[in-house]
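A short worksheet on the structure shown next.
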Amino acid sequence: MKTDLLEIHGILLERFGPQHWWPGETPFEVTVGAILTQSTSWKNVEKAIANLKKEGFLNPEGLNHINPDDLSTLIRPAGYYNAKTRKLKEFIKHLYENHDGDLGKMLAADAKDLRCELLSIWGIGPETADSIILYAAGKPQFVVDAYTKRIFSRLGYVNSETGYDSLKEFSEKNLPRNVKVYNEFHALLVRLGKNHCRKTKPLCTECPLKKRCKKKKTKTSRKK
DNA sequence: GGCCAGGACACCA
DNA sequence: TGGTGTCATGGC
């Protein structure tokens, strides 16, 4: 099968324009955002980030010292606040125990090693790890998410059973290994997904990829 | 009022 | 090992 991902990247870029991801000011902010946005809309994450920033806790030292109850209160708008409090604390604990609280040191590692290290931290799975590597460390790791899977499935590139690693491998195999391309393409897929490839009630008429869509968009069963 | 959002983990058969 | 439940707020 012809897998013209770069062409699709071009179509989406022309349609939506640059997405300017990740919307974080520092690698640390990007990392915190990557954890907070797990299964959560970015708008809600922005509120939590704003709370942390306003109170002066959006830095390694701040998150290291804040007590869990206060952290839960500040990140409450992002949902799953108890679970995410633990995830942020586990990350910070790892950062201090292994890198003296210096995120720059941690992110300087080889991408493959960094990925293994991130995945060893409780609460950080494949997507969050790849997001941190791509958007905070600036190293080429393609980020797969629910939109990527749904869109690639509807385009007929993969089936709905394809797992994270296979989707990642497929994407990296069919795109130039380039941070800028990975960055923009993932952001564009999310944009497309939000606008035209929802789980239910897809807005097919205005979708820039509607001619390429192989599968009828039907309501998918929720596997959660 | 239900559905869903830029996941990950625990538990059980 | 794979399927299912849990975590939770907020916008549409």
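Residues are referred to by chain and number: the chain letter is A, B, ... according to the order shown in the structure tokens, the number counts from 1 in that chain, and ligands are numbered separately from 1 in the order shown.
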Problem set entry | Distance query DA10 of chain B at most 12 Å, only C-alpha atoms (C1' of nucleotides), self and fewer than 4 positions along chain excluded, as an NGL selection string | :C and (4-7)
Pull C-alpha atoms (C1' of nucleotides) from the residues just selected and write them as a PDB file, in the first residue's frame.
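Output saved as part-v9.pdb:
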ATOM      1  C1'  DT C   4     -12.158  -4.421  31.749  1.00  0.00           C
ATOM      2  C1'  DG C   5     -12.477  -1.059  35.495  1.00  0.00           C
ATOM      3  C1'  DT C   6     -10.736   3.163  37.641  1.00  0.00           C
ATOM      4  C1'  DC C   7      -9.145   7.665  37.896  1.00  0.00           C
TER       5       DC C   7
END
Exercise. Quick one: DSSP helix (DSSP H, G or I) residues in segment 152-182 of chain A, as a ChimeraX atom specification?
Worked result: /A:152-154,164-173,179-182
Suppose we keep C-alpha atoms; can you now write the selection as a CSV table (one decimal), in the first residue's frame?
chain,number,residue,atom,x,y,z
A,152,PHE,CA,-4.7,6.0,10.2
A,153,SER,CA,-7.3,3.3,10.7
A,154,ARG,CA,-9.9,5.3,8.7
A,164,TYR,CA,1.2,1.7,19.9
A,165,ASP,CA,4.6,0.4,19.0
A,166,SER,CA,3.4,-0.8,15.5
A,167,LEU,CA,1.8,2.5,14.8
A,168,LYS,CA,4.9,4.3,15.9
A,169,GLU,CA,7.1,2.1,13.7
A,170,PHE,CA,4.8,2.6,10.7
A,171,SER,CA,4.8,6.3,11.1
A,172,GLU,CA,8.6,6.6,11.5
A,173,LYS,CA,9.2,4.3,8.6
A,179,VAL,CA,11.9,16.6,14.6
A,180,LYS,CA,10.1,19.4,12.8
A,181,VAL,CA,8.1,17.0,10.7
A,182,TYR,CA,7.2,14.8,13.7
For this session: Up to 8 Å from chain B, what residues of chain A turn up? Count only C-alpha atoms (C1' of nucleotides) and give them as a ChimeraX atom specification.
Result: /A:37-42,123-125,127-128,145,190
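Among A:Tyr81, A:Tyr135, A:Tyr96, A:Tyr147, the residue with the shortest atom-to-atom distance to chain C, counting only C-alpha atoms (C1' of nucleotides), is A:Tyr81.
With atom CA of Pro18 of chain A on one side and atom CA of Glu184 of chain A on the other, the separation reads 6.9 Å.
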Against chain C, which residues of chain A fall within 10 Å? For each one I want the closest pair of atoms and the distance in Å (one decimal), counting only C-alpha atoms (C1' of nucleotides), rows by chain and increasing residue number, as JSON lines.
{"residue": "A:Thr40", "atom": "CA", "partner": "C:DT9", "partner_atom": "C1'", "distance": 8.8}
{"residue": "A:Ser41", "atom": "CA", "partner": "C:DG10", "partner_atom": "C1'", "distance": 8.9}
{"residue": "A:Lys43", "atom": "CA", "partner": "C:DG10", "partner_atom": "C1'", "distance": 8.9}
{"residue": "A:Asn44", "atom": "CA", "partner": "C:DG10", "partner_atom": "C1'", "distance": 7.0}
{"residue": "A:Ile75", "atom": "CA", "partner": "C:DT9", "partner_atom": "C1'", "distance": 9.9}
{"residue": "A:Arg76", "atom": "CA", "partner": "C:DT9", "partner_atom": "C1'", "distance": 7.0}
{"residue": "A:Pro77", "atom": "CA", "partner": "C:DT9", "partner_atom": "C1'", "distance": 5.4}
{"residue": "A:Ala78", "atom": "CA", "partner": "C:DT9", "partner_atom": "C1'", "distance": 6.1}
{"residue": "A:Gly79", "atom": "CA", "partner": "C:DT9", "partner_atom": "C1'", "distance": 4.4}
{"residue": "A:Tyr80", "atom": "CA", "partner": "C:DA8", "partner_atom": "C1'", "distance": 4.7}
{"residue": "A:Tyr81", "atom": "CA", "partner": "C:DA8", "partner_atom": "C1'", "distance": 7.2}
{"residue": "A:Asn82", "atom": "CA", "partner": "C:DC7", "partner_atom": "C1'", "distance": 7.8}
{"residue": "A:Ala83", "atom": "CA", "partner": "C:DC7", "partner_atom": "C1'", "distance": 6.4}
{"residue": "A:Lys84", "atom": "CA", "partner": "C:DC7", "partner_atom": "C1'", "distance": 9.0}
{"residue": "A:Lys223", "atom": "CA", "partner": "C:DT4", "partner_atom": "C1'", "distance": 8.0}
{"residue": "A:Lys224", "atom": "CA", "partner": "C:DT4", "partner_atom": "C1'", "distance": 7.0}
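The spacing separating atom CA of His196 of chain A from atom CA of Trp22 of chain A amounts to 21.2 Å.
Using only C-alpha atoms (C1' of nucleotides), the contacts of His186 of chain A at a cut-off of 8 Å, with sequence neighbours closer than 3 positions omitted, comprise Phe142, Val143, Val144, Thr148, Tyr182, Asn183, Leu189 and Val190 of chain A.
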Restricting the output to C-alpha atoms, write the selected residues as a CSV table (one decimal), in the first residue's frame.
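What landed in result-v6.csv:
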chain,number,residue,atom,x,y,z
A,142,PHE,CA,7.0,10.0,16.7
A,143,VAL,CA,4.1,10.5,19.1
A,144,VAL,CA,1.1,8.2,18.6
A,148,THR,CA,-3.4,9.0,15.1
A,182,TYR,CA,7.2,14.8,13.7
A,183,ASN,CA,6.3,17.8,15.8
A,189,LEU,CA,-3.3,15.0,13.4
A,190,VAL,CA,-4.7,16.2,16.7
